[in-house]
Amino acid sequence: MKKDNQPVIPDVLPILPVREMVVFPGTVVPVTIRRESSRKLLDASLAESKIIGLVAQRDAAKDNPAPEDLFGVGTAVVQC
């Protein structure tokens with residue numbers, strides 16, 4: 001943690017694709033996890049760090065989005 005209680009964002013973040021949702025810095029939002037791959041990502045990454053990246057999908061119908069299916073900008077989030 002930095003002096004002002006802001007977490008230090010790692011250079012590499014696990015990315016969680018989100019459907020039909022944009023998360024802005026400084027907001028508190030619930031995130032519903034339905035995909036098994038998303039649950040595995042959270043189980044593996046949150047044990048090490050409470051910070052992940054949320055990035056909106058371009059097409060919410062895609063079940064397994066590739067990097068090119070995601071927007072180029074996301075938000076680093078901290079699990080509460």
# chains A, B, ... in the order shown; residues from 1 in each chain; ligands from 1
$ select_by_dssp --residues "chain A" --states "strand (DSSP E or B)" --output "number ranges by chain"
A: 15-18, 51-57, 70, 75-78
$ write_last_selection --atoms "C-alpha atoms" --output "PDB file, in the first residue's frame"
ATOM      1  CA  ILE A  15      -8.009  -9.562 -16.732  1.00  0.00           C
ATOM      2  CA  LEU A  16     -11.638 -10.423 -16.073  1.00  0.00           C
ATOM      3  CA  PRO A  17     -13.897  -9.758 -19.082  1.00  0.00           C
ATOM      4  CA  VAL A  18     -17.272  -8.304 -18.086  1.00  0.00           C
ATOM      5  CA  ILE A  51      -6.271  -6.420  -7.485  1.00  0.00           C
ATOM      6  CA  ILE A  52      -7.548  -7.518 -10.911  1.00  0.00           C
ATOM      7  CA  GLY A  53      -8.406  -5.737 -14.147  1.00  0.00           C
ATOM      8  CA  LEU A  54     -11.993  -5.501 -15.400  1.00  0.00           C
ATOM      9  CA  VAL A  55     -12.420  -4.915 -19.129  1.00  0.00           C
ATOM     10  CA  ALA A  56     -15.733  -4.745 -20.991  1.00  0.00           C
ATOM     11  CA  GLN A  57     -16.418  -7.168 -23.842  1.00  0.00           C
ATOM     12  CA  LEU A  70     -12.259  -6.696 -25.350  1.00  0.00           C
ATOM     13  CA  THR A  75     -10.174  -0.504 -14.669  1.00  0.00           C
ATOM     14  CA  ALA A  76      -7.971  -1.974 -11.966  1.00  0.00           C
ATOM     15  CA  VAL A  77     -10.233  -3.044  -9.099  1.00  0.00           C
ATOM     16  CA  VAL A  78      -9.698  -4.130  -5.515  1.00  0.00           C
TER      17      VAL A  78
END
$ select_by_dssp --residues "chain A" --states "alpha helix (DSSP H)" --output "list in words"
Glu36, Ser37, Ser38, Arg39, Lys40, Leu41, Leu42, Asp43, Ala44, Ser45 and Leu46 of chain A
$ residues_around --residues "segment 28-41 of chain A" --least-positions-apart "4" --cutoff "8 Å" --atoms "only C-alpha atoms" --output "number ranges by chain"
A: 14, 16, 23, 45, 63
$ decode --residues "segment 25-70 of chain A" --atoms "C-alpha atoms" --output "PDB file, in the first residue's frame"
ATOM      1  CA  PRO A  25     -12.462   4.277 -11.056  1.00  0.00           C
ATOM      2  CA  GLY A  26     -13.700   5.245  -7.612  1.00  0.00           C
ATOM      3  CA  THR A  27     -16.999   3.371  -7.871  1.00  0.00           C
ATOM      4  CA  VAL A  28     -18.263   0.391  -5.892  1.00  0.00           C
ATOM      5  CA  VAL A  29     -20.175  -2.166  -7.956  1.00  0.00           C
ATOM      6  CA  PRO A  30     -21.192  -5.784  -7.472  1.00  0.00           C
ATOM      7  CA  VAL A  31     -19.819  -8.148 -10.098  1.00  0.00           C
ATOM      8  CA  THR A  32     -21.750 -11.339 -10.823  1.00  0.00           C
ATOM      9  CA  ILE A  33     -19.509 -14.208 -11.872  1.00  0.00           C
ATOM     10  CA  ARG A  34     -21.197 -16.888 -13.992  1.00  0.00           C
ATOM     11  CA  ARG A  35     -18.491 -18.301 -16.253  1.00  0.00           C
ATOM     12  CA  GLU A  36     -16.402 -21.154 -14.873  1.00  0.00           C
ATOM     13  CA  SER A  37     -13.283 -19.625 -16.465  1.00  0.00           C
ATOM     14  CA  SER A  38     -13.943 -16.381 -14.557  1.00  0.00           C
ATOM     15  CA  ARG A  39     -14.318 -18.261 -11.275  1.00  0.00           C
ATOM     16  CA  LYS A  40     -11.019 -20.043 -11.889  1.00  0.00           C
ATOM     17  CA  LEU A  41      -9.299 -16.744 -12.676  1.00  0.00           C
ATOM     18  CA  LEU A  42     -10.581 -15.216  -9.438  1.00  0.00           C
ATOM     19  CA  ASP A  43      -9.692 -18.252  -7.332  1.00  0.00           C
ATOM     20  CA  ALA A  44      -6.146 -18.272  -8.687  1.00  0.00           C
ATOM     21  CA  SER A  45      -5.466 -14.544  -8.700  1.00  0.00           C
ATOM     22  CA  LEU A  46      -7.223 -13.273  -5.579  1.00  0.00           C
ATOM     23  CA  ALA A  47      -5.217 -15.664  -3.420  1.00  0.00           C
ATOM     24  CA  GLU A  48      -2.096 -13.727  -4.450  1.00  0.00           C
ATOM     25  CA  SER A  49      -3.394 -10.178  -4.869  1.00  0.00           C
ATOM     26  CA  LYS A  50      -6.715  -8.469  -4.287  1.00  0.00           C
ATOM     27  CA  ILE A  51      -6.271  -6.420  -7.485  1.00  0.00           C
ATOM     28  CA  ILE A  52      -7.548  -7.518 -10.911  1.00  0.00           C
ATOM     29  CA  GLY A  53      -8.406  -5.737 -14.147  1.00  0.00           C
ATOM     30  CA  LEU A  54     -11.993  -5.501 -15.400  1.00  0.00           C
ATOM     31  CA  VAL A  55     -12.420  -4.915 -19.129  1.00  0.00           C
ATOM     32  CA  ALA A  56     -15.733  -4.745 -20.991  1.00  0.00           C
ATOM     33  CA  GLN A  57     -16.418  -7.168 -23.842  1.00  0.00           C
ATOM     34  CA  ARG A  58     -17.340  -5.748 -27.229  1.00  0.00           C
ATOM     35  CA  ASP A  59     -19.925  -8.519 -27.783  1.00  0.00           C
ATOM     36  CA  ALA A  60     -21.730  -9.744 -24.653  1.00  0.00           C
ATOM     37  CA  ALA A  61     -22.882 -12.905 -26.466  1.00  0.00           C
ATOM     38  CA  LYS A  62     -19.328 -14.313 -26.671  1.00  0.00           C
ATOM     39  CA  ASP A  63     -18.726 -16.936 -23.998  1.00  0.00           C
ATOM     40  CA  ASN A  64     -14.948 -17.135 -24.402  1.00  0.00           C
ATOM     41  CA  PRO A  65     -13.739 -13.698 -25.459  1.00  0.00           C
ATOM     42  CA  ALA A  66     -10.235 -13.359 -26.856  1.00  0.00           C
ATOM     43  CA  PRO A  67      -8.124 -10.244 -26.220  1.00  0.00           C
ATOM     44  CA  GLU A  68      -9.330  -8.692 -29.495  1.00  0.00           C
ATOM     45  CA  ASP A  69     -12.936  -9.084 -28.250  1.00  0.00           C
ATOM     46  CA  LEU A  70     -12.259  -6.696 -25.350  1.00  0.00           C
TER      47      LEU A  70
END
